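Data from upload.cif: mmCIF, C-alpha atoms
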```
data_target
loop_
_atom_site.label_atom_id
_atom_site.label_comp_id
_atom_site.auth_asym_id
_atom_site.auth_seq_id
_atom_site.Cartn_x
_atom_site.Cartn_y
_atom_site.Cartn_z
CA MET O 1 -33.18 14.26 -38.16
CA THR O 2 -32.57 10.65 -39.26
CA GLU O 3 -34.86 7.77 -38.29
CA ALA O 4 -32.11 6.20 -36.24
CA ALA O 5 -31.51 9.41 -34.37
CA GLU O 6 -35.24 9.89 -33.86
CA ALA O 7 -35.57 6.36 -32.52
CA ALA O 8 -32.77 7.02 -30.09
CA GLU O 9 -34.15 10.36 -28.91
CA PRO O 10 -35.22 10.06 -25.26
CA GLY O 11 -38.83 10.84 -24.40
CA THR O 12 -40.42 9.71 -27.73
CA ASP O 13 -42.04 6.53 -29.06
CA ALA O 14 -39.77 4.87 -31.65
CA ALA O 15 -42.70 3.78 -33.87
CA THR O 16 -45.03 6.78 -33.79
CA GLY O 17 -42.79 9.59 -32.66
CA ALA O 18 -45.38 10.36 -29.99
CA GLU O 19 -44.35 11.06 -26.46
CA PRO O 20 -45.30 8.10 -24.23
CA LYS O 21 -47.59 8.54 -21.29
CA ALA O 22 -45.94 9.18 -17.97
CA ALA O 23 -47.15 5.85 -16.54
CA GLU O 24 -45.64 3.98 -19.52
CA ARG O 25 -42.19 5.54 -19.43
CA PRO O 26 -39.53 3.17 -18.16
CA GLU O 27 -37.59 4.60 -15.24
CA ALA O 28 -33.91 4.72 -16.04
CA PRO O 29 -31.83 3.48 -13.11
CA SER O 30 -29.82 6.22 -11.46
CA PRO O 31 -26.12 5.69 -12.05
CA LEU O 32 -24.10 4.91 -8.94
CA VAL O 33 -21.87 7.69 -7.74
CA PRO O 34 -18.32 6.34 -7.33
CA LEU O 35 -17.50 5.80 -3.69
CA ARG O 36 -14.60 8.22 -3.87
CA ARG O 37 -17.09 10.97 -4.83
CA ASN O 38 -19.57 10.09 -2.08
CA LEU O 39 -18.77 13.10 0.08
CA ARG O 40 -20.92 12.00 3.01
CA PHE O 41 -19.21 8.64 3.19
CA GLN O 42 -15.72 10.04 2.75
CA ALA O 43 -16.20 12.80 5.34
CA LEU O 44 -17.74 10.38 7.82
CA TRP O 45 -15.01 7.84 7.16
CA ALA O 46 -12.29 10.47 7.66
CA GLY O 47 -13.79 11.52 10.98
CA GLN O 48 -14.04 7.96 12.17
CA ALA O 49 -10.51 7.21 11.01
CA SER O 50 -9.33 10.17 13.06
CA ALA O 51 -11.26 8.97 16.11
CA THR O 52 -9.76 5.49 15.77
CA LEU O 53 -6.25 6.91 15.45
CA GLY O 54 -6.74 8.95 18.61
CA MET O 55 -7.95 5.86 20.44
CA VAL O 56 -4.92 3.81 19.38
CA ILE O 57 -2.53 6.59 20.39
CA GLY O 58 -4.14 6.70 23.81
CA ASP O 59 -4.13 2.91 24.23
CA THR O 60 -0.35 2.93 23.77
CA ALA O 61 0.49 6.17 25.57
CA PHE O 62 -1.51 5.62 28.76
CA PRO O 63 0.36 2.46 29.89
CA LEU O 64 3.65 4.20 29.07
CA LEU O 65 2.58 7.19 31.16
CA VAL O 66 1.53 5.08 34.14
CA LEU O 67 4.73 3.03 33.99
CA ALA O 68 6.81 6.22 33.88
CA LEU O 69 4.96 7.77 36.83
CA THR O 70 4.54 4.76 39.11
CA GLY O 71 6.82 1.99 37.85
CA SER O 72 3.99 -0.44 38.62
CA SER O 73 2.94 -2.95 36.01
CA THR O 74 -0.26 -3.60 37.97
CA SER O 75 -1.24 0.08 37.75
CA ALA O 76 -0.44 0.14 34.03
CA GLY O 77 -2.59 -2.95 33.49
CA ALA O 78 -5.42 -1.39 35.53
CA PHE O 79 -5.90 1.34 32.91
CA GLY O 80 -6.77 -1.14 30.17
CA ALA O 81 -8.87 -3.20 32.56
CA VAL O 82 -10.97 -0.21 33.67
CA GLN O 83 -11.50 0.90 30.08
CA MET O 84 -12.60 -2.54 28.91
CA VAL O 85 -14.80 -3.24 31.97
CA THR O 86 -16.66 0.02 31.35
CA THR O 87 -17.18 -0.88 27.70
CA LEU O 88 -18.38 -4.32 28.74
CA LEU O 89 -20.86 -3.02 31.33
CA LEU O 90 -22.38 -0.39 29.03
CA GLY O 91 -22.21 -2.31 25.76
CA ILE O 92 -25.71 -3.81 25.87
CA HIS O 93 -27.29 -0.44 26.58
CA GLY O 94 -25.16 1.11 23.82
CA GLY O 95 -26.62 -1.29 21.27
CA ALA O 96 -30.18 -0.56 22.38
CA VAL O 97 -29.52 3.18 22.16
CA ALA O 98 -28.13 2.77 18.62
CA ASP O 99 -31.38 1.11 17.54
CA ARG O 100 -33.71 3.63 19.16
CA VAL O 101 -32.36 7.19 19.20
CA ASP O 102 -30.67 9.62 16.83
CA ARG O 103 -27.39 7.90 16.01
CA ARG O 104 -25.70 11.10 14.92
CA ARG O 105 -26.30 12.68 18.32
CA VAL O 106 -24.88 9.61 20.02
CA LEU O 107 -21.75 9.85 17.88
CA ILE O 108 -21.31 13.57 18.54
CA ALA O 109 -21.77 13.14 22.29
CA SER O 110 -19.35 10.20 22.46
CA ASP O 111 -16.61 11.93 20.47
CA ALA O 112 -17.02 15.13 22.49
CA ALA O 113 -16.79 13.25 25.80
CA ARG O 114 -13.62 11.49 24.66
CA LEU O 115 -12.15 14.82 23.53
CA LEU O 116 -12.68 16.36 26.96
CA ALA O 117 -11.32 13.31 28.78
CA LEU O 118 -8.14 13.21 26.68
CA ALA O 119 -7.58 16.97 26.94
CA SER O 120 -7.77 16.76 30.74
CA VAL O 121 -4.51 14.77 30.87
CA PRO O 122 -2.13 17.37 29.37
CA ALA O 123 -4.02 20.04 31.35
CA ALA O 124 -3.25 18.15 34.56
CA LEU O 125 0.36 17.46 33.53
CA ALA O 126 0.87 21.20 33.12
CA PHE O 127 0.49 21.54 36.91
CA GLY O 128 2.44 18.47 38.00
CA PRO O 129 2.30 14.64 37.92
CA VAL O 130 -1.02 13.08 36.99
CA ASN O 131 -2.94 11.34 39.76
CA LEU O 132 -3.60 7.64 39.07
CA VAL O 133 -7.26 8.10 40.02
CA HIS O 134 -7.54 10.77 37.31
CA VAL O 135 -6.05 8.42 34.71
CA LEU O 136 -8.47 5.63 35.67
CA LEU O 137 -11.42 8.02 35.43
CA VAL O 138 -10.27 8.91 31.91
CA ALA O 139 -10.11 5.18 31.16
CA ALA O 140 -13.72 4.80 32.29
CA VAL O 141 -14.89 7.71 30.11
CA ILE O 142 -13.09 6.34 27.06
CA GLY O 143 -14.57 2.90 27.70
CA ALA O 144 -18.06 4.41 27.85
CA THR O 145 -17.56 6.24 24.55
CA VAL O 146 -16.54 2.97 22.89
CA ALA O 147 -19.71 1.26 24.17
CA TYR O 148 -21.98 3.91 22.68
CA SER O 149 -20.10 4.97 19.56
CA GLY O 150 -18.88 1.53 18.44
CA PRO O 151 -22.19 0.22 17.05
CA VAL O 152 -23.06 3.66 15.65
CA ARG O 153 -19.80 3.90 13.67
CA LEU O 154 -20.48 0.64 11.85
CA LEU O 155 -24.10 1.55 11.19
CA ALA O 156 -23.32 5.10 10.06
CA LEU O 157 -20.92 4.03 7.33
CA ARG O 158 -23.41 1.45 6.06
CA SER O 159 -26.23 3.99 5.93
CA VAL O 160 -24.60 6.37 3.45
CA VAL O 161 -23.64 3.87 0.72
CA PRO O 162 -25.90 1.82 -1.59
CA PRO O 163 -25.89 -1.98 -1.12
CA GLU O 164 -23.97 -2.43 -4.37
CA GLN O 165 -20.99 -0.57 -2.89
CA LEU O 166 -21.06 -2.07 0.58
CA SER O 167 -18.16 -4.46 -0.01
CA GLN O 168 -16.03 -1.61 -1.35
CA ALA O 169 -16.99 0.56 1.63
CA LEU O 170 -16.10 -2.22 4.07
CA ALA O 171 -12.74 -2.65 2.36
CA GLN O 172 -12.03 1.05 2.85
CA ASP O 173 -13.16 0.76 6.47
CA GLU O 174 -10.61 -2.03 6.93
CA ALA O 175 -8.02 0.55 5.89
CA ARG O 176 -9.30 2.80 8.70
CA MET O 177 -8.80 0.08 11.31
CA SER O 178 -5.50 -1.21 9.98
CA GLY O 179 -4.11 2.23 9.19
CA ALA O 180 -4.88 3.55 12.67
CA SER O 181 -3.42 0.44 14.27
CA LEU O 182 -0.32 0.87 12.11
CA ALA O 183 0.26 4.57 12.66
CA GLY O 184 -0.97 4.82 16.26
CA PRO O 185 1.58 2.83 18.31
CA PRO O 186 4.77 4.23 16.71
CA LEU O 187 3.27 7.72 16.67
CA ALA O 188 2.37 7.40 20.36
CA GLY O 189 5.87 6.21 21.18
CA PHE O 190 7.47 9.03 19.21
CA LEU O 191 5.22 11.68 20.75
CA PHE O 192 5.79 10.28 24.23
CA GLY O 193 9.51 10.71 23.67
CA LEU O 194 8.90 14.41 23.03
CA GLY O 195 7.04 14.84 26.32
CA HIS O 196 4.54 13.01 28.49
CA ALA O 197 1.70 15.35 27.52
CA VAL O 198 2.31 15.36 23.76
CA PRO O 199 0.56 12.09 22.74
CA PHE O 200 -2.57 13.09 24.63
CA LEU O 201 -2.66 16.45 22.89
CA GLY O 202 -2.44 14.57 19.59
CA ALA O 203 -5.23 12.17 20.58
CA ALA O 204 -7.42 15.09 21.66
CA LEU O 205 -6.82 16.83 18.33
CA ALA O 206 -7.86 13.64 16.49
CA SER O 207 -11.05 13.52 18.56
CA LEU O 208 -11.75 17.16 17.71
CA PHE O 209 -11.63 16.32 14.01
CA ALA O 210 -13.97 13.38 14.62
CA VAL O 211 -16.48 15.63 16.41
CA THR O 212 -16.33 18.11 13.54
CA ALA O 213 -17.08 15.38 10.97
CA ALA O 214 -19.96 14.00 13.04
CA VAL O 215 -21.50 17.48 13.29
CA ALA O 216 -21.07 18.17 9.57
CA VAL O 217 -22.39 14.88 8.16
CA ARG O 218 -26.00 13.78 8.49
CA PHE O 219 -26.87 10.10 8.22
CA PRO O 220 -30.06 8.09 8.77
CA SER O 221 -31.21 6.92 12.20
CA PRO O 222 -33.95 4.49 13.25
CA HIS O 223 -37.38 5.53 11.99
CA GLU O 224 -39.03 4.86 15.31
CA SER O 225 -37.85 5.80 18.76
CA ALA O 226 -38.23 3.63 21.80
CA ALA O 227 -41.62 2.98 23.33
CA PRO O 228 -42.73 5.41 26.04
CA GLY O 229 -41.66 3.01 28.75
CA GLY O 230 -38.13 2.79 27.35
CA PRO O 231 -36.31 -0.27 26.07
CA THR O 232 -37.09 -3.39 28.02
CA ARG O 233 -34.49 -5.79 29.30
CA ASP O 234 -35.79 -8.38 26.86
CA SER O 235 -35.46 -6.14 23.83
CA ALA O 236 -32.00 -4.98 24.86
CA LEU O 237 -30.86 -8.61 24.89
CA ALA O 238 -32.30 -9.36 21.46
CA GLY O 239 -28.82 -9.25 19.93
CA PHE O 240 -27.68 -12.11 22.13
CA ARG O 241 -30.67 -14.19 21.07
CA VAL O 242 -29.73 -13.72 17.42
CA LEU O 243 -26.17 -14.88 18.09
CA ALA O 244 -27.29 -17.80 20.27
CA ALA O 245 -29.53 -19.12 17.50
CA SER O 246 -26.52 -19.94 15.29
CA PRO O 247 -24.12 -22.78 16.29
CA LEU O 248 -21.53 -21.41 13.87
CA LEU O 249 -21.63 -17.96 15.42
CA ARG O 250 -21.43 -19.37 18.94
CA SER O 251 -18.31 -21.38 18.16
CA ALA O 252 -16.67 -18.58 16.17
CA LEU O 253 -17.21 -16.05 18.95
CA ALA O 254 -15.79 -18.49 21.52
CA VAL O 255 -12.50 -18.74 19.59
CA LEU O 256 -12.36 -14.98 19.03
CA LEU O 257 -12.95 -14.44 22.76
CA VAL O 258 -9.89 -16.57 23.56
CA LEU O 259 -7.80 -14.63 21.03
CA ASN O 260 -8.84 -11.29 22.51
CA LEU O 261 -8.11 -12.47 26.05
CA ALA O 262 -4.62 -13.63 25.03
CA GLY O 263 -4.01 -10.40 23.10
CA ALA O 264 -4.96 -8.25 26.09
CA ALA O 265 -2.68 -10.26 28.39
CA LEU O 266 0.15 -10.14 25.84
CA LEU O 267 0.52 -6.39 25.37
CA LEU O 268 1.95 -5.36 28.74
CA PRO O 269 4.59 -8.11 29.20
CA VAL O 270 5.82 -7.54 25.65
CA MET O 271 6.21 -3.81 26.35
CA VAL O 272 7.99 -4.48 29.67
CA LEU O 273 10.35 -7.08 28.19
CA LEU O 274 11.27 -4.92 25.20
CA ARG O 275 11.93 -1.98 27.51
CA GLU O 276 14.15 -4.18 29.73
CA HIS O 277 16.13 -5.09 26.61
CA GLY O 278 16.77 -1.41 25.90
CA THR O 279 14.15 -0.82 23.20
CA SER O 280 13.06 2.80 23.00
CA SER O 281 9.43 3.92 23.27
CA ALA O 282 9.40 4.53 19.50
CA GLY O 283 10.86 1.06 18.92
CA ILE O 284 8.18 -0.54 21.08
CA GLY O 285 5.52 1.26 19.09
CA LEU O 286 7.04 0.08 15.81
CA ALA O 287 7.16 -3.54 17.03
CA LEU O 288 3.51 -3.45 18.06
CA ALA O 289 2.58 -2.05 14.65
CA GLY O 290 3.38 -5.42 13.05
CA GLU O 291 -0.21 -6.60 13.36
CA ALA O 292 -1.51 -3.53 11.53
CA VAL O 293 1.02 -3.90 8.71
CA GLY O 294 -0.01 -7.51 8.33
CA ALA O 295 -3.68 -6.51 8.30
CA LEU O 296 -3.07 -4.03 5.49
CA ALA O 297 -1.36 -6.76 3.49
CA GLY O 298 -4.04 -9.31 4.33
CA ALA O 299 -6.96 -7.10 3.29
CA ALA O 300 -6.26 -7.89 -0.36
CA LEU O 301 -6.43 -11.63 0.36
CA VAL O 302 -9.86 -11.74 2.00
CA ALA O 303 -11.95 -12.65 -1.07
CA ARG O 304 -9.43 -15.26 -2.21
CA LEU O 305 -9.22 -16.89 1.22
CA HIS O 306 -13.00 -17.01 1.51
CA ARG O 307 -13.16 -18.84 -1.81
CA LEU O 308 -10.49 -21.33 -0.76
CA ALA O 309 -11.85 -22.39 2.63
CA GLY O 310 -14.90 -22.37 4.84
CA PRO O 311 -15.29 -20.11 7.87
CA GLY O 312 -14.34 -22.81 10.37
CA VAL O 313 -11.03 -23.63 8.70
CA LEU O 314 -10.15 -19.96 8.26
CA LEU O 315 -10.99 -19.18 11.88
CA LEU O 316 -8.79 -21.97 13.22
CA ALA O 317 -5.92 -21.18 10.84
CA VAL O 318 -5.78 -17.54 11.92
CA ALA O 319 -6.16 -18.51 15.58
CA TRP O 320 -3.24 -20.96 15.46
CA SER O 321 -1.03 -18.29 13.89
CA ALA O 322 -1.36 -16.40 17.21
CA VAL O 323 0.26 -19.16 19.29
CA PRO O 324 3.91 -18.23 18.48
CA VAL O 325 3.33 -14.49 19.03
CA PRO O 326 3.87 -14.50 22.85
CA LEU O 327 7.17 -16.35 22.37
CA ALA O 328 8.54 -13.87 19.80
CA PRO O 329 10.09 -11.47 22.37
CA LEU O 330 12.09 -14.39 23.80
CA LEU O 331 13.76 -15.11 20.46
CA PRO O 332 16.76 -13.34 18.91
CA GLY O 333 15.93 -10.13 17.11
CA GLY O 334 13.97 -8.34 19.81
CA ALA O 335 11.53 -5.81 18.39
CA ALA O 336 12.06 -7.05 14.82
CA THR O 337 11.00 -10.59 15.77
CA VAL O 338 7.92 -9.27 17.57
CA PHE O 339 7.03 -7.26 14.49
CA ALA O 340 7.36 -10.33 12.23
CA ALA O 341 5.22 -12.54 14.49
CA LEU O 342 2.49 -9.93 14.74
CA PHE O 343 2.63 -9.40 10.97
CA VAL O 344 1.86 -13.08 10.30
CA PHE O 345 -1.08 -13.07 12.70
CA GLY O 346 -2.31 -9.67 11.50
CA ALA O 347 -2.50 -10.86 7.89
CA GLY O 348 -5.47 -13.01 8.89
CA VAL O 349 -7.31 -10.38 10.92
CA PRO O 350 -9.20 -8.81 7.96
CA THR O 351 -10.49 -12.26 7.06
CA LEU O 352 -12.00 -12.62 10.53
CA ARG O 353 -13.50 -9.12 10.52
CA VAL O 354 -15.16 -9.58 7.14
CA MET O 355 -16.26 -13.05 8.21
CA LEU O 356 -18.16 -11.54 11.13
CA ASP O 357 -19.75 -9.02 8.78
CA LEU O 358 -20.82 -11.72 6.35
CA LEU O 359 -22.11 -14.14 8.97
CA VAL O 360 -23.76 -11.66 11.30
CA PHE O 361 -24.37 -8.09 10.30
CA ARG O 362 -25.60 -8.60 6.73
CA GLN O 363 -28.08 -11.23 7.88
CA VAL O 364 -29.84 -8.99 10.42
CA ALA O 365 -32.52 -6.35 9.87
CA ASP O 366 -31.48 -2.76 10.55
CA ALA O 367 -33.91 -2.53 13.47
CA LEU O 368 -31.84 -5.16 15.33
CA ARG O 369 -28.42 -4.46 13.91
CA GLY O 370 -27.22 -2.13 16.65
CA ARG O 371 -28.04 -4.67 19.35
CA VAL O 372 -26.41 -7.50 17.41
CA ILE O 373 -23.24 -5.46 16.91
CA ALA O 374 -23.23 -4.50 20.59
CA ALA O 375 -23.76 -8.13 21.64
CA THR O 376 -20.85 -9.20 19.45
CA MET O 377 -18.61 -6.44 20.84
CA THR O 378 -19.60 -7.32 24.40
CA LEU O 379 -18.83 -11.01 23.97
CA LEU O 380 -15.49 -10.30 22.31
CA THR O 381 -14.54 -7.84 25.03
CA ALA O 382 -15.62 -10.07 27.93
CA GLY O 383 -12.24 -11.68 28.62
CA MET O 384 -10.03 -8.70 27.84
CA PRO O 385 -10.21 -6.89 31.23
CA ALA O 386 -9.20 -10.07 33.05
CA GLY O 387 -6.35 -10.67 30.63
CA SER O 388 -4.96 -7.15 31.00
CA PHE O 389 -5.28 -6.99 34.79
CA VAL O 390 -4.00 -10.52 35.49
CA ALA O 391 -0.99 -9.86 33.25
CA GLY O 392 -0.14 -6.83 35.40
CA LEU O 393 -0.48 -8.85 38.61
CA LEU O 394 1.71 -11.66 37.28
CA LEU O 395 4.38 -9.23 36.12
CA ASP O 396 4.74 -7.92 39.68
CA ARG O 397 5.40 -11.49 40.87
CA SER O 398 7.09 -13.16 37.92
CA SER O 399 9.31 -12.38 34.95
CA PRO O 400 7.86 -11.16 31.64
CA ALA O 401 9.30 -14.25 29.94
CA ALA O 402 7.42 -16.60 32.26
CA VAL O 403 4.17 -14.71 31.70
CA LEU O 404 4.57 -14.89 27.92
CA VAL O 405 5.27 -18.64 27.98
CA ALA O 406 2.15 -19.15 30.11
CA ILE O 407 0.02 -17.16 27.65
CA SER O 408 1.24 -19.24 24.70
CA ALA O 409 0.62 -22.49 26.59
CA LEU O 410 -2.92 -21.54 27.61
CA LEU O 411 -3.73 -20.42 24.07
CA THR O 412 -2.46 -23.76 22.73
CA VAL O 413 -4.65 -25.76 25.11
CA ALA O 414 -7.74 -23.73 24.22
CA LEU O 415 -7.18 -24.08 20.47
CA LEU O 416 -6.56 -27.83 20.73
CA ALA O 417 -10.03 -28.16 22.22
CA ALA O 418 -11.51 -25.92 19.51
CA THR O 419 -9.79 -27.80 16.70
CA ALA O 420 -11.11 -31.11 17.99
CA SER O 421 -14.65 -29.99 17.18
CA ARG O 422 -15.61 -31.57 13.84
CA PRO O 423 -18.64 -29.26 13.25
CA ARG O 424 -16.38 -26.24 13.67
CA ARG O 425 -13.80 -27.56 11.22
CA ARG O 426 -16.45 -28.43 8.62
CA ALA O 427 -18.51 -25.23 8.92
CA THR O 428 -19.59 -23.78 5.57
CA TRP O 429 -20.71 -20.37 4.39
CA PRO O 430 -24.44 -19.59 4.53
CA PRO O 431 -26.02 -19.05 1.07
CA GLY O 432 -24.75 -15.80 -0.41
CA ALA O 433 -22.38 -15.09 2.47
CA ARG O 434 -18.92 -14.91 0.94
CA ALA O 435 -16.52 -12.04 0.42
CA GLY O 436 -16.98 -10.33 -2.91
CA ARG O 437 -20.72 -10.96 -2.98
CA GLU O 438 -23.50 -9.01 -1.38
CA GLY O 439 -25.60 -10.92 1.11
#
```

Can you dump the structure from the file as structure tokens?
Amino acid sequence: MTEAAEAAEPGTDAATGAEPKAAERPEAPSPLVPLRRNLRFQALWAGQASATLGMVIGDTAFPLLVLALTGSSTSAGAFGAVQMVTTLLLGIHGGAVADRVDRRRVLIASDAARLLALASVPAALAFGPVNLVHVLLVAAVIGATVAYSGPVRLLALRSVVPPEQLSQALAQDEARMSGASLAGPPLAGFLFGLGHAVPFLGAALASLFAVTAAVAVRFPSPHESAAPGGPTRDSALAGFRVLAASPLLRSALAVLLVLNLAGAALLLPVMVLLREHGTSSAGIGLALAGEAVGALAGAALVARLHRLAGPGVLLLAVAWSAVPVPLAPLLPGGAATVFAALFVFGAGVPTLRVMLDLLVFRQVADALRGRVIAATMTLLTAGMPAGSFVAGLLLDRSSPAAVLVAISALLTVALLAATASRPRRRATWPPGARAGREG
């Protein structure tokens, strides 16, 4: 053996040839397993992608079902309102549960409950028309599963990847959200055209796959359970205290709340107007998929946009791109114009999602992260039930075109007030918080 080879031989001293003591041996860093070969992450991601797809299919198919059975826009809007109100009411408790009990069990229970609720719809349709009360009960169950599984899904994916790969994992998770939003609406419309029960069978099958993945994959949970007396009101609200401590987060969440309210109010009148213009169910689904297509395209721009502008400028730019969306169905082109308007807005959505991750979730200890995520979800959901339900009421008393013009006008007024805030416009990234870098 040559001296060079001997010097390179692991486990020996280069000068003496003696084997070093155990305490003196340098520990070689373990090489990172490529994310594509991280079976726990990929299996968990696939299950969660399936669950998200099932949710999106249901969100599109349920209003179509209620409209077909009752012809009432108010009833169709009530489904979304009940679902979101339930999520809103249970969201704070869902965050506390995510920080204190076995997260995997929470995920399994939530996915199983959604599976049973979705499967009950085609079972009922097999014996005749579905009762509206039954549909609203299903909405409540689905809303509850979102409240409890939402924080856990974000935490579970984070727990099975090393910090060095977190940005890559979040990018793949963006594909889950955008891909489900892209495939779900047109798939729901197509399946609904085959039969009223078919989209709910598909959504139930997607939930079954999600349950299977949650059972098969183990991931870490909090090290300590709740105190014997259970979580206190004060500790359950800890996530809100974290958000309230940051002026930037307060202002960002206010703008996002307005966007979510407008988006919830927008969906039903767009569907009604497109249907009045002769657009098929599949065509409506394709038009509504514009936001998801834009999000897929915009995911590649996140790091570049974060380098070009601060969070305040990006937030306002994406928000203003939503103002023309309600007016798109009134322009020539019908479904194609709606698709284009949603595409432009959707291209900025990944920037906002990653912005929240950078500004909130990476800055919080794991012991509080579930409550902070739940607080964020609760605040962003707060205006959505009102938007969905009020849109249904207005549609029974006014034309879809008038409702859409009103939504665009109210959104414009709100964003003018937000843009006038100099601190919001000049907001900067916290140290280390920028896409492409780990916080």

*Written as a PyMOL selection string, what is the full residue list that the PyMOL selection byres ((chain O and resi 426) around 10) yields on the file shown?*
chain O and resi 309-313+421-425+427-428

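Coordinates place atom CA of Leu415 of chain O at a distance of 27.0 Å from atom CA of Gly91 of chain O.
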
*For Leu416 of chain O, which residue out of O:Val323, O:Ser235, O:Ser72, O:Arg103 is the nearest one, using only C-alpha atoms?*
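So, comparing all the options, the nearest one is O:Val323.
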
*Can you list what the PyMOL selection byres ((chain O and resi 119-127) around 9) grabs from this structure, as a ChimeraX atom specification?*
/O:114-118,128-131,134-135,138,196-201,203-205

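Of the listed residues O:Met355, O:Ala49, O:Val160, O:Val325, the one whose atoms come nearest to Leu256 of chain O is O:Met355, with distances taken using all atoms listed in the file.
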
*Please write as JSON, numbers by chain the full residue list that the PyMOL selection byres ((chain O and resi 396-407) around 10) yields on this file.*
{"O": [72, 73, 74, 261, 262, 263, 265, 266, 267, 268, 269, 270, 271, 272, 273, 274, 276, 323, 324, 325, 326, 327, 328, 329, 330, 387, 390, 391, 392, 393, 394, 395, 408, 409, 410, 411, 412]}

_Would you pick out the contacts of Gln48 of chain O at 12 Å or less, using only C-alpha atoms, so that residues sharing its chain but fewer than 5 positions from it are not included, and give the list as an MDAnalysis selection string?_
chainID O and resid 41:43 53:55 107:108 110:111 149:150 152:157 172:177 179:180 206:214 217

*Tell me, in Å to one decimal, how far atom CA of Gly239 of chain O is from atom CA of Leu89 of chain O.*
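Separating atom CA of Gly239 of chain O from atom CA of Leu89 of chain O is a distance of 15.2 Å.
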
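For the pair atom CA of Thr351 of chain O and atom CA of Met377 of chain O, the separation is 17.0 Å.
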
Can you fill out segment 200-204 of chain O with all heavy atoms and hand it back as an mmCIF file, in the coordinates of the input?
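Writing done, so here's selection-v1.cif:
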```cif
data_model
loop_
_atom_site.group_PDB
_atom_site.id
_atom_site.type_symbol
_atom_site.label_atom_id
_atom_site.label_comp_id
_atom_site.auth_asym_id
_atom_site.auth_seq_id
_atom_site.Cartn_x
_atom_site.Cartn_y
_atom_site.Cartn_z
ATOM 1 N N PHE O 200 -1.180 12.846 24.261
ATOM 2 C CA PHE O 200 -2.570 13.090 24.630
ATOM 3 C C PHE O 200 -3.119 14.346 23.962
ATOM 4 O O PHE O 200 -4.306 14.420 23.659
ATOM 5 C CB PHE O 200 -2.679 13.173 26.152
ATOM 6 C CG PHE O 200 -2.092 11.965 26.827
ATOM 7 C CD1 PHE O 200 -0.851 12.027 27.433
ATOM 8 C CD2 PHE O 200 -2.754 10.748 26.790
ATOM 9 C CE1 PHE O 200 -0.288 10.915 28.019
ATOM 10 C CE2 PHE O 200 -2.196 9.615 27.373
ATOM 11 C CZ PHE O 200 -0.962 9.695 27.991
ATOM 12 N N LEU O 201 -2.242 15.298 23.699
ATOM 13 C CA LEU O 201 -2.660 16.450 22.890
ATOM 14 C C LEU O 201 -2.992 15.986 21.467
ATOM 15 O O LEU O 201 -3.977 16.439 20.868
ATOM 16 C CB LEU O 201 -1.544 17.491 22.856
ATOM 17 C CG LEU O 201 -1.320 18.300 24.141
ATOM 18 C CD1 LEU O 201 -0.062 19.146 24.011
ATOM 19 C CD2 LEU O 201 -2.530 19.181 24.435
ATOM 20 N N GLY O 202 -2.164 15.087 20.922
ATOM 21 C CA GLY O 202 -2.440 14.570 19.590
ATOM 22 C C GLY O 202 -3.735 13.784 19.537
ATOM 23 O O GLY O 202 -4.524 13.914 18.591
ATOM 24 N N ALA O 203 -3.991 12.949 20.544
ATOM 25 C CA ALA O 203 -5.230 12.170 20.580
ATOM 26 C C ALA O 203 -6.437 13.082 20.720
ATOM 27 O O ALA O 203 -7.485 12.843 20.120
ATOM 28 C CB ALA O 203 -5.173 11.172 21.736
ATOM 29 N N ALA O 204 -6.315 14.143 21.510
ATOM 30 C CA ALA O 204 -7.420 15.090 21.660
ATOM 31 C C ALA O 204 -7.696 15.817 20.348
ATOM 32 O O ALA O 204 -8.854 16.050 19.986
ATOM 33 C CB ALA O 204 -7.102 16.094 22.768
#
```
